[in-house]
file input-v1.tsv (TSV, C-alpha atoms)
chain	number	residue	atom	x	y	z
W	22	MET	CA	-4.00	51.37	123.75
W	23	MET	CA	-3.26	51.50	120.03
W	24	LEU	CA	-1.23	54.54	119.04
W	25	ALA	CA	-1.08	55.35	115.35
W	26	MET	CA	0.15	58.08	113.12
W	27	THR	CA	0.83	58.38	109.43
W	28	LEU	CA	4.09	59.73	108.12
W	29	VAL	CA	4.98	60.49	104.55
W	30	MET	CA	8.63	59.97	103.75
W	31	SER	CA	10.21	60.75	100.40
W	32	ALA	CA	13.36	59.54	98.67
W	33	THR	CA	14.98	60.48	95.39
W	34	SER	CA	13.27	57.83	93.31
W	35	TYR	CA	10.03	57.15	95.15
W	36	ALA	CA	7.63	58.17	97.88
W	37	ALA	CA	6.36	55.57	100.33
W	38	SER	CA	3.63	55.77	102.92
W	39	TYR	CA	4.55	54.72	106.45
W	40	VAL	CA	2.27	54.12	109.40
W	41	GLY	CA	3.61	54.45	112.93
W	42	ALA	CA	1.93	52.17	115.46
W	43	LYS	CA	2.31	50.61	118.87
W	44	ILE	CA	1.50	46.91	118.67
W	45	GLY	CA	1.72	45.09	121.96
W	46	ASN	CA	4.55	46.75	123.86
W	47	ILE	CA	6.65	47.62	120.81
W	48	TYR	CA	6.55	50.60	118.46
W	49	TYR	CA	6.91	50.07	114.70
W	50	PHE	CA	7.11	51.91	111.43
W	51	LEU	CA	4.94	49.96	109.00
W	52	ASN	CA	5.54	50.19	105.25
W	53	SER	CA	2.15	49.85	103.60
W	54	GLU	CA	3.71	49.21	100.19
W	55	ASN	CA	6.00	46.25	100.85
W	56	LYS	CA	4.36	45.19	104.14
W	57	ASN	CA	7.62	45.35	106.07
W	58	ALA	CA	7.94	46.67	109.62
W	59	SER	CA	10.83	48.19	111.57
W	60	VAL	CA	11.07	48.39	115.36
W	61	ALA	CA	11.22	52.01	116.47
W	62	SER	CA	11.72	54.05	119.62
W	63	GLU	CA	8.80	55.68	121.37
W	64	PHE	CA	10.72	58.93	120.93
W	65	ASP	CA	10.04	58.64	117.19
W	66	PHE	CA	6.39	59.18	118.12
W	67	ASP	CA	6.58	61.34	121.23
W	68	LYS	CA	9.70	63.47	121.76
W	69	ASN	CA	8.69	64.14	125.35
W	70	SER	CA	8.14	60.52	126.27
W	71	LYS	CA	9.91	59.16	129.35
W	72	ILE	CA	8.86	55.55	128.81
W	73	LEU	CA	11.63	53.19	127.69
W	74	TYR	CA	11.72	49.53	126.74
W	75	SER	CA	12.53	47.35	129.75
W	76	GLY	CA	12.62	43.75	130.91
W	77	ASP	CA	12.69	40.87	128.43
W	78	VAL	CA	11.63	42.02	124.96
W	79	VAL	CA	10.68	39.48	122.30
W	80	ILE	CA	10.42	40.96	118.83
W	81	PRO	CA	7.95	38.94	116.73
W	82	GLU	CA	8.54	37.83	113.14
W	83	THR	CA	5.28	39.44	112.00
W	84	VAL	CA	2.76	41.94	113.31
W	85	THR	CA	-0.81	42.66	112.30
W	86	TYR	CA	-2.24	46.14	112.02
W	87	ASP	CA	-5.55	47.29	110.58
W	88	GLY	CA	-6.16	43.87	109.04
W	89	ALA	CA	-2.77	43.67	107.28
W	90	THR	CA	0.23	41.49	108.23
W	91	TYR	CA	3.73	42.97	108.21
W	92	LYS	CA	7.08	41.16	108.37
W	93	VAL	CA	9.52	42.65	110.92
W	94	THR	CA	12.74	43.22	108.95
W	95	GLY	CA	14.53	46.04	110.73
W	96	ILE	CA	15.47	47.69	114.00
W	97	LYS	CA	15.70	51.43	113.48
W	98	SER	CA	18.49	53.75	114.58
W	99	ALA	CA	18.47	54.31	118.37
W	100	ALA	CA	15.32	52.19	118.74
W	101	PHE	CA	16.48	50.88	122.14
W	102	ASN	CA	19.07	53.57	122.87
W	103	ALA	CA	19.68	54.10	126.62
W	104	CYS	CA	17.04	51.56	127.64
W	105	GLU	CA	18.88	50.70	130.85
W	106	GLY	CA	16.01	48.52	132.05
W	107	LEU	CA	16.27	46.22	129.04
W	108	THR	CA	17.52	42.84	130.30
W	109	SER	CA	17.16	40.68	127.19
W	110	VAL	CA	16.04	40.90	123.58
W	111	THR	CA	15.04	38.18	121.14
W	112	ILE	CA	15.70	39.20	117.53
W	113	PRO	CA	13.66	37.13	115.05
W	114	ASN	CA	15.06	35.41	111.99
W	115	THR	CA	13.33	37.96	109.76
W	116	VAL	CA	15.36	41.02	110.76
W	117	THR	CA	17.90	41.94	108.09
W	118	GLU	CA	19.23	45.23	109.49
W	119	ILE	CA	20.13	46.55	112.94
W	120	ALA	CA	20.73	50.27	112.48
W	121	ASP	CA	23.23	52.68	114.08
W	122	ASP	CA	23.07	52.98	117.89
W	123	ALA	CA	20.10	50.61	117.98
W	124	PHE	CA	21.02	49.20	121.43
W	125	SER	CA	23.72	51.61	122.59
W	126	TYR	CA	23.86	52.28	126.34
W	127	CYS	CA	21.58	49.34	127.20
W	128	THR	CA	23.72	48.66	130.24
W	129	ASN	CA	21.75	45.70	131.58
W	130	LEU	CA	21.60	43.81	128.29
W	131	LYS	CA	24.11	41.02	128.91
W	132	SER	CA	23.61	38.47	126.13
W	133	LEU	CA	23.07	38.75	122.40
W	134	HIS	CA	22.27	36.32	119.59
W	135	ILE	CA	22.44	37.48	115.99
W	136	PRO	CA	20.11	35.38	113.78
W	137	ALA	CA	20.95	34.09	110.31
W	138	SER	CA	18.86	36.77	108.60
W	139	VAL	CA	20.88	39.81	109.72
W	140	ALA	CA	22.87	41.25	106.81
W	141	LYS	CA	23.80	44.66	108.22
W	142	ILE	CA	24.75	45.93	111.68
W	143	GLY	CA	25.17	49.69	111.91
W	144	ASP	CA	27.88	51.73	113.63
W	145	ARG	CA	27.89	51.61	117.44
W	146	ALA	CA	24.79	49.40	117.40
W	147	PHE	CA	25.71	47.95	120.82
W	148	ALA	CA	28.12	50.63	122.06
W	149	TYR	CA	28.51	50.99	125.84
W	150	THR	CA	26.31	48.01	126.50
W	151	GLY	CA	28.93	45.78	128.14
W	152	LEU	CA	27.78	42.39	126.88
W	153	ASN	CA	28.81	39.17	128.64
W	154	SER	CA	27.91	36.71	125.89
W	155	VAL	CA	27.65	37.05	122.11
W	156	THR	CA	26.76	34.42	119.48
W	157	VAL	CA	25.98	34.43	115.78
W	158	ASP	CA	23.81	31.85	114.03
W	159	LYS	CA	26.04	29.44	112.09
W	160	ASP	CA	23.93	29.97	108.95
W	161	ASN	CA	24.51	33.74	108.85
W	162	LYS	CA	26.34	34.60	105.60
W	163	PHE	CA	27.44	38.08	106.63
W	164	TYR	CA	28.60	37.77	110.25
W	165	ASP	CA	30.22	35.03	112.29
W	166	SER	CA	31.48	34.17	115.75
W	167	ARG	CA	34.34	32.00	114.58
W	168	ASN	CA	36.06	29.68	117.03
W	169	ASP	CA	33.31	30.45	119.55
W	170	CYS	CA	35.10	33.75	120.15
W	171	ASN	CA	32.16	35.44	121.91
W	172	ALA	CA	32.14	38.31	119.42
W	173	VAL	CA	30.46	39.36	116.18
W	174	ILE	CA	32.79	39.55	113.18
W	175	GLU	CA	31.86	40.91	109.78
W	176	THR	CA	32.91	38.01	107.61
W	177	ALA	CA	33.78	39.87	104.40
W	178	THR	CA	36.05	42.44	106.05
W	179	ASN	CA	37.22	40.47	109.13
W	180	THR	CA	36.13	43.41	111.29
W	181	LEU	CA	35.19	42.68	114.89
W	182	VAL	CA	32.08	44.82	115.34
W	183	ILE	CA	30.74	43.67	118.73
W	184	GLY	CA	32.84	42.35	121.61
W	185	SER	CA	32.01	41.07	125.07
W	186	ASP	CA	33.56	40.45	128.47
W	187	LYS	CA	34.51	36.93	127.34
W	188	THR	CA	35.83	37.64	123.84
W	189	VAL	CA	39.00	35.96	122.60
W	190	ILE	CA	39.99	37.87	119.47
W	191	PRO	CA	40.75	35.33	116.71
W	192	ASP	CA	43.80	35.58	114.49
W	193	GLY	CA	42.69	36.89	111.11
W	194	VAL	CA	40.67	39.79	112.46
W	195	THR	CA	42.00	42.92	110.73
W	196	LYS	CA	40.04	45.67	112.46
W	197	ILE	CA	38.26	46.33	115.75
W	198	ALA	CA	35.32	48.64	115.13
W	199	THR	CA	34.42	51.85	116.96
W	200	ALA	CA	33.28	51.21	120.56
W	201	ALA	CA	33.33	47.44	119.97
W	202	PHE	CA	34.23	46.63	123.61
W	203	SER	CA	33.11	49.86	125.24
W	204	SER	CA	31.94	49.41	128.85
W	205	CYS	CA	32.76	45.69	128.97
W	206	GLN	CA	33.31	46.09	132.68
W	207	GLU	CA	34.34	42.51	133.43
W	208	LEU	CA	36.90	42.30	130.62
W	209	GLN	CA	40.32	41.89	132.26
W	210	THR	CA	42.75	40.73	129.57
W	211	VAL	CA	42.97	41.40	125.86
W	212	VAL	CA	45.47	39.95	123.40
W	213	ILE	CA	45.11	41.66	120.04
W	214	PRO	CA	46.68	39.51	117.28
W	215	ASN	CA	49.16	40.92	114.78
W	216	SER	CA	46.57	40.56	112.02
W	217	VAL	CA	44.76	43.60	113.47
W	218	LYS	CA	45.85	46.75	111.64
W	219	ARG	CA	43.35	49.22	113.06
W	220	ILE	CA	41.60	49.71	116.39
W	221	GLY	CA	38.66	52.11	116.16
W	222	LYS	CA	38.06	55.00	118.51
W	223	GLU	CA	36.44	54.23	121.88
W	224	ALA	CA	37.13	50.54	121.24
W	225	PHE	CA	37.88	49.75	124.91
W	226	CYS	CA	36.58	52.94	126.52
W	227	GLY	CA	35.12	52.33	129.97
W	228	CYS	CA	36.56	48.82	130.41
W	229	VAL	CA	37.22	49.51	134.08
W	230	SER	CA	38.65	46.05	134.90
W	231	LEU	CA	40.97	45.85	131.90
W	232	ALA	CA	44.43	45.32	133.40
W	233	SER	CA	46.41	43.69	130.59
W	234	VAL	CA	46.52	44.60	126.90
W	235	THR	CA	48.83	43.19	124.23
W	236	LEU	CA	48.92	45.46	121.20
W	237	PRO	CA	49.92	44.16	117.76
W	238	GLU	CA	53.11	45.08	115.97
W	239	GLY	CA	52.19	46.93	112.80
W	240	LEU	CA	49.57	49.08	114.51
W	241	ASP	CA	50.27	52.68	113.53
W	242	GLU	CA	47.54	54.61	115.38
W	243	ILE	CA	45.71	54.53	118.70
W	244	GLU	CA	42.56	56.50	118.01
W	245	ALA	CA	40.57	58.87	120.20
W	246	TYR	CA	39.29	57.54	123.54
W	247	THR	CA	40.48	53.98	122.74
W	248	PHE	CA	41.53	53.20	126.33
W	249	ALA	CA	39.88	56.11	128.14
W	250	ASN	CA	38.51	55.39	131.62
W	251	CYS	CA	40.35	52.07	131.90
W	252	GLY	CA	41.19	52.53	135.57
W	253	ALA	CA	42.82	49.12	136.08
W	254	LEU	CA	45.24	49.60	133.18
W	255	THR	CA	48.49	50.52	134.96
W	256	SER	CA	50.91	49.70	132.14
W	257	ILE	CA	50.94	49.00	128.42
W	258	VAL	CA	53.66	48.41	125.82
W	259	LEU	CA	53.17	50.54	122.72
W	260	PRO	CA	54.37	48.88	119.48
W	261	SER	CA	57.43	50.25	117.69
W	262	SER	CA	55.27	50.79	114.59
W	263	LEU	CA	53.04	53.36	116.33
W	264	LYS	CA	52.90	56.82	114.74
W	265	SER	CA	49.96	58.60	116.33
W	266	ILE	CA	48.16	58.71	119.69
W	267	GLY	CA	44.68	60.24	119.45
W	268	GLU	CA	42.94	62.70	121.74
W	269	PHE	CA	41.91	61.31	125.14
W	270	ALA	CA	43.35	57.92	124.04
W	271	PHE	CA	44.44	56.95	127.58
W	272	SER	CA	42.66	59.67	129.54
W	273	TYR	CA	41.67	58.76	133.09
W	274	SER	CA	43.35	55.38	132.82
W	275	GLY	CA	45.45	53.94	135.65
W	276	LEU	CA	48.79	54.23	133.85
W	277	LYS	CA	51.77	54.63	136.16
W	278	SER	CA	54.40	54.84	133.43
W	279	ILE	CA	54.47	54.92	129.64
W	280	THR	CA	57.18	54.56	127.01
W	281	ILE	CA	56.46	56.41	123.76
W	282	PRO	CA	58.27	54.81	120.80
W	283	ALA	CA	60.59	56.88	118.61
W	284	SER	CA	58.19	56.34	115.70
W	285	VAL	CA	55.43	58.46	117.30
W	286	TRP	CA	55.25	61.89	115.71
W	287	ASN	CA	51.75	62.94	116.77
W	288	ILE	CA	50.24	63.06	120.26
W	289	GLU	CA	46.81	64.68	120.41
W	290	ALA	CA	45.23	66.83	123.13
W	291	ARG	CA	44.50	65.17	126.49
W	292	ALA	CA	45.94	61.86	125.27
W	293	PHE	CA	47.07	61.15	128.85
W	294	GLY	CA	44.85	63.71	130.56
W	295	GLY	CA	43.52	62.74	133.95
W	296	CYS	CA	46.17	60.03	134.47
W	297	ARG	CA	46.88	61.05	138.06
W	298	ASP	CA	49.07	58.02	138.80
W	299	LEU	CA	51.37	58.63	135.84
W	300	THR	CA	54.79	59.35	137.33
W	301	THR	CA	57.25	58.48	134.55
W	302	VAL	CA	57.10	59.19	130.83
W	303	GLU	CA	59.86	57.91	128.57
W	304	ASN	CA	59.80	59.52	125.13
W	305	LYS	CA	62.22	57.95	122.65
W	306	ALA	CA	61.62	60.58	119.95
W	307	VAL	CA	64.84	62.45	119.18
W	308	VAL	CA	62.90	65.58	118.18
W	309	PRO	CA	60.23	66.63	120.73
W	310	GLN	CA	56.73	66.33	119.31
W	311	ALA	CA	54.54	69.42	119.33
W	312	ILE	CA	51.99	68.64	122.07
W	313	TYR	CA	49.15	70.45	123.79
W	314	ASP	CA	48.73	71.90	127.23
W	315	GLY	CA	46.82	69.17	129.02
W	316	THR	CA	48.24	66.27	127.01
W	317	PHE	CA	49.60	65.12	130.38
W	318	SER	CA	47.80	66.03	133.60
W	319	ALA	CA	50.78	65.71	135.93
W	320	PHE	CA	54.30	66.77	135.02
W	321	LYS	CA	56.80	64.67	136.94
W	322	LYS	CA	59.66	62.59	135.52
W	323	LEU	CA	60.54	62.63	131.81
W	324	ILE	CA	63.20	60.40	130.25
W	325	VAL	CA	64.40	61.27	126.74
W	326	PRO	CA	67.36	60.48	124.47
W	327	GLU	CA	70.43	62.03	126.09
W	328	GLU	CA	71.31	64.06	123.01
W	329	SER	CA	67.82	65.58	123.04
W	330	ALA	CA	67.60	66.56	126.72
W	331	ASP	CA	68.24	70.27	126.12
W	332	ALA	CA	65.69	70.36	123.30
W	333	TYR	CA	63.04	68.92	125.62
W	334	ARG	CA	63.93	71.37	128.41
W	335	LYS	CA	63.30	74.22	125.98
W	336	SER	CA	60.27	72.72	124.26
W	337	PRO	CA	56.76	74.03	125.09
W	338	ILE	CA	54.81	71.70	127.41
W	339	TRP	CA	57.63	69.12	127.58
W	340	SER	CA	59.60	71.67	129.60
W	341	ASN	CA	56.85	71.61	132.22
W	342	PHE	CA	57.99	68.21	133.47
W	343	ALA	CA	59.70	68.65	136.83
W	344	TYR	CA	62.68	66.55	135.76
W	345	VAL	CA	64.14	65.69	132.37
W	346	ASN	CA	66.64	62.84	132.65
W	347	GLY	CA	66.85	63.56	136.35
W	348	VAL	CA	67.68	67.25	135.91
W	349	ALA	CA	65.23	69.84	137.23
W	350	THR	CA	63.61	71.95	134.52
W	351	GLY	CA	62.61	74.84	136.74
W	352	ILE	CA	59.56	73.33	138.42
W	353	ASP	CA	60.38	73.89	142.07
W	354	ASP	CA	57.65	71.96	143.83
W	355	LEU	CA	54.20	70.43	143.64
W	356	LEU	CA	51.27	72.30	145.13
W	357	SER	CA	47.68	71.40	145.84
W	358	PRO	CA	45.17	73.10	143.53
W	359	ASN	CA	43.45	76.29	144.71
W	360	THR	CA	46.23	77.13	147.15
W	361	TYR	CA	46.24	80.75	148.29
W	362	HIS	CA	49.66	82.38	148.41
W	363	PRO	CA	50.78	85.75	149.83
W	364	SER	CA	52.89	86.50	146.76
W	365	PRO	CA	51.47	87.35	143.31
W	366	ILE	CA	50.59	84.29	141.21
W	367	TYR	CA	50.71	84.17	137.40
W	368	ASN	CA	50.07	81.55	134.76
W	369	LEU	CA	52.48	80.86	131.89
W	370	SER	CA	50.77	83.55	129.79
W	371	GLY	CA	51.47	86.19	132.42
W	372	LYS	CA	47.90	86.53	133.64
W	373	ARG	CA	47.57	87.48	137.31
W	374	LEU	CA	45.77	84.87	139.43
W	375	TYR	CA	44.40	84.99	142.96
W	376	LYS	CA	45.06	81.35	143.75
W	377	THR	CA	46.89	78.47	142.15
W	378	PHE	CA	45.24	76.45	139.42
W	379	LYS	CA	45.86	73.03	137.93
W	380	GLY	CA	49.01	73.30	135.85
W	381	VAL	CA	52.12	75.48	136.05
W	382	ASN	CA	52.00	78.54	138.32
W	383	ILE	CA	54.61	81.31	138.53
W	384	ILE	CA	55.26	82.55	142.09
W	385	ASN	CA	58.15	84.94	142.80
W	386	GLY	CA	59.64	84.09	139.42
W	387	LYS	CA	59.66	80.35	140.10
W	388	LYS	CA	57.54	77.62	138.58
W	389	TYR	CA	55.29	75.43	140.70
W	390	ILE	CA	52.93	72.75	139.44
W	391	SER	CA	49.50	72.22	140.92
W	392	LYS	CA	47.85	68.88	140.17
call {"tool": "encode", "arguments": {"input": "input-v1.tsv", "output": "structure tokens"}}
result
Amino acid sequence: MMLAMTLVMSATSYAASYVGAKIGNIYYFLNSENKNASVASEFDFDKNSKILYSGDVVIPETVTYDGATYKVTGIKSAAFNACEGLTSVTIPNTVTEIADDAFSYCTNLKSLHIPASVAKIGDRAFAYTGLNSVTVDKDNKFYDSRNDCNAVIETATNTLVIGSDKTVIPDGVTKIATAAFSSCQELQTVVIPNSVKRIGKEAFCGCVSLASVTLPEGLDEIEAYTFANCGALTSIVLPSSLKSIGEFAFSYSGLKSITIPASVWNIEARAFGGCRDLTTVENKAVVPQAIYDGTFSAFKKLIVPEESADAYRKSPIWSNFAYVNGVATGIDDLLSPNTYHPSPIYNLSGKRLYKTFKGVNIINGKKYISK
């Protein structure tokens, strides 16, 4: 059944008439002035729709509607977002732009080929898709997959924008884009060359099999959620150039120990939150950083410069570790959460509680940690 609607969209310098139509099994916005078409989501037509693209989708080079032929040149923002039933997509060599979030969360889309015509790929276009194979047409002037690296690299900026389970990051790449490898669940090892100066937030979020990561010297920030939910990641060496660790950067990872370089001055909220296996934290900073309650989920063993031990024992949050350089800080024992106790229970703010909670509890004037 042909579904059509007419939309009038305005811009600063012109007003163009667009027709929305379903042609075959694909929805489009059709520009009646330049005869170009963009693939759209059904939600652009029906906000209550529960029908999503699925199976093998072949986008044609042209479509015909009401007697006129339109060239398919774009894939609109979120056009295929969360289409978990989508197993493959063929993008024609007429598409010039793939917009933001166009294929994000298409968890069963495993392979991708970028044709020569594509000149722009938007932010997070394939985020949380978990691709196995990625190629770029050798005649594309804007993107490449140099050295058969199984990734999409923006040629002008050397930014890796889309990664896969099989990516080998080439030397010369200077940036890894936001969510580039997110949910690549079969990715096990990553060596990031020293040419990389920035790793975007969520870059490796949800890479559950990622067990080995080599970070580049010269990297000064690990952004928010970069290695969140990487359950197989039990250890990582942070470069001596690092200055900042973003919020949730390693949250719910499998880290068992971590050494924070002396250069790090900023550690954001929940950076190591949910790391239940984390038993030892070595912080080489001479002056304790100001951190947040919840930056670490479990307070156990803290190793610091000897001359700074007293400062850490007196510092908010850092003092919650059970041991600093092997000396007890006042945490007497570890309790299970929601433990009932005959004596009054208080939190660190002095609020009376009726059972223990996750964090530091005060019972009979002594500190206990519940994890």
call {"tool": "atom_distance", "arguments": {"input": "input-v1.tsv", "atom1": "CA of Cys251 (chain W)", "atom2": "CA of Ile213 (chain W)"}}
result
16.5 Å
call {"tool": "atom_distance", "arguments": {"input": "input-v1.tsv", "atom1": "CA of Tyr344 (chain W)", "atom2": "CA of Asp331 (chain W)"}}
result
11.7 Å
call {"tool": "residues_around", "arguments": {"input": "input-v1.tsv", "residues": "region 314-330 of chain W", "least_positions_apart": "3", "cutoff": "6 Å", "atoms": "all atoms listed in the file", "output": "list in words"}}
result
Ala290, Arg291, Ala292, Phe293, Gly294, Gly295, Thr300, Thr301, Val302, Glu303, Asn304, Lys305, Val307, Tyr333, Phe342, Ala343, Tyr344, Val345 and Asn346 of chain W
call {"tool": "residues_around", "arguments": {"input": "input-v1.tsv", "residues": "Cys228 (chain W)", "least_positions_apart": "2", "cutoff": "9 Å", "atoms": "all atoms listed in the file", "output": "list in words"}}
result
Gly151, Phe202, Ser203, Ser204, Cys205, Gln206, Glu207, Leu208, Gln209, Phe225, Cys226, Ser230, Leu231, Phe248, Ala249, Asn250, Cys251, Gly252 and Ala253 of chain W
call {"tool": "residues_near_point", "arguments": {"input": "input-v1.tsv", "point": "(23.9, 46.1, 110.5)", "cutoff": "10 Å", "atoms": "all atoms listed in the file", "output": "PyMOL selection string"}}
result
chain W and resi 95-96+116-121+123+139-146+163-164+175+182
call {"tool": "closest_residue", "arguments": {"input": "input-v1.tsv", "among": "W:Ala42, W:Gly380, W:Tyr313, W:Thr90", "to": "Asp67 (chain W)", "atoms": "all atoms listed in the file"}}
result
W:Ala42
call {"tool": "residues_around", "arguments": {"input": "input-v1.tsv", "residues": "Leu51 (chain W)", "least_positions_apart": "5", "cutoff": "9 Å", "atoms": "all atoms listed in the file", "output": "list in words"}}
result
Ser38, Tyr39, Val40, Gly41, Ala42, Lys56, Asn57, Ala58, Ser59, Val60, Tyr86, Tyr91 and Val93 of chain W
call {"tool": "closest_residue", "arguments": {"input": "input-v1.tsv", "among": "W:Ala283, W:Leu240, W:Val211, W:Ile190", "to": "Leu254 (chain W)", "atoms": "all atoms listed in the file"}}
result
W:Val211
call {"tool": "residues_near_point", "arguments": {"input": "input-v1.tsv", "point": "(42.0, 64.7, 118.7)", "cutoff": "7 Å", "atoms": "all atoms listed in the file", "output": "PyMOL selection string"}}
result
chain W and resi 245+267-268+289-290
call {"tool": "residues_around", "arguments": {"input": "input-v1.tsv", "residues": "Pro214 (chain W)", "least_positions_apart": "3", "cutoff": "6 Å", "atoms": "all atoms listed in the file", "output": "mmCIF file with C-alpha atoms, keeping the file's coordinate frame"}}
result
data_model
loop_
_atom_site.group_PDB
_atom_site.id
_atom_site.type_symbol
_atom_site.label_atom_id
_atom_site.label_comp_id
_atom_site.auth_asym_id
_atom_site.auth_seq_id
_atom_site.Cartn_x
_atom_site.Cartn_y
_atom_site.Cartn_z
ATOM 1 C CA ASP W 192 43.800 35.580 114.490
ATOM 2 C CA VAL W 217 44.760 43.600 113.470
ATOM 3 C CA PRO W 237 49.920 44.160 117.760
#
call {"tool": "atom_distance", "arguments": {"input": "input-v1.tsv", "atom1": "CA of Ser262 (chain W)", "atom2": "CA of Ser274 (chain W)"}}
result
22.3 Å
call {"tool": "closest_residue", "arguments": {"input": "input-v1.tsv", "among": "W:Arg297, W:Arg373, W:Lys218, W:Lys187", "to": "Pro260 (chain W)", "atoms": "all atoms listed in the file"}}
result
W:Lys218
call {"tool": "closest_residue", "arguments": {"input": "input-v1.tsv", "among": "W:Thr195, W:Ala89, W:Leu107, W:Ser70", "to": "Glu54 (chain W)", "atoms": "only C-alpha atoms"}}
result
W:Ala89
call {"tool": "closest_residue", "arguments": {"input": "input-v1.tsv", "among": "W:Thr350, W:Thr156, W:Ser272, W:Thr85", "to": "Ile135 (chain W)", "atoms": "all atoms listed in the file"}}
result
W:Thr156
call {"tool": "closest_residue", "arguments": {"input": "input-v1.tsv", "among": "W:Ala349, W:Ile257, W:Ile266, W:Ile72", "to": "Ser278 (chain W)", "atoms": "all atoms listed in the file"}}
result
W:Ile257
call {"tool": "residues_around", "arguments": {"input": "input-v1.tsv", "residues": "Asp65 (chain W)", "least_positions_apart": "4", "cutoff": "10 Å", "atoms": "all atoms listed in the file", "output": "PDB file with C-alpha atoms, keeping the file's coordinate frame"}}
result
ATOM      1  CA  GLY W  41       3.610  54.450 112.930  1.00  0.00           C
ATOM      2  CA  TYR W  48       6.550  50.600 118.460  1.00  0.00           C
ATOM      3  CA  TYR W  49       6.910  50.070 114.700  1.00  0.00           C
ATOM      4  CA  PHE W  50       7.110  51.910 111.430  1.00  0.00           C
ATOM      5  CA  ALA W  61      11.220  52.010 116.470  1.00  0.00           C
ATOM      6  CA  ASN W  69       8.690  64.140 125.350  1.00  0.00           C
ATOM      7  CA  SER W  70       8.140  60.520 126.270  1.00  0.00           C
ATOM      8  CA  LYS W  97      15.700  51.430 113.480  1.00  0.00           C
ATOM      9  CA  ALA W  99      18.470  54.310 118.370  1.00  0.00           C
ATOM     10  CA  ALA W 100      15.320  52.190 118.740  1.00  0.00           C
TER      11      ALA W 100
END
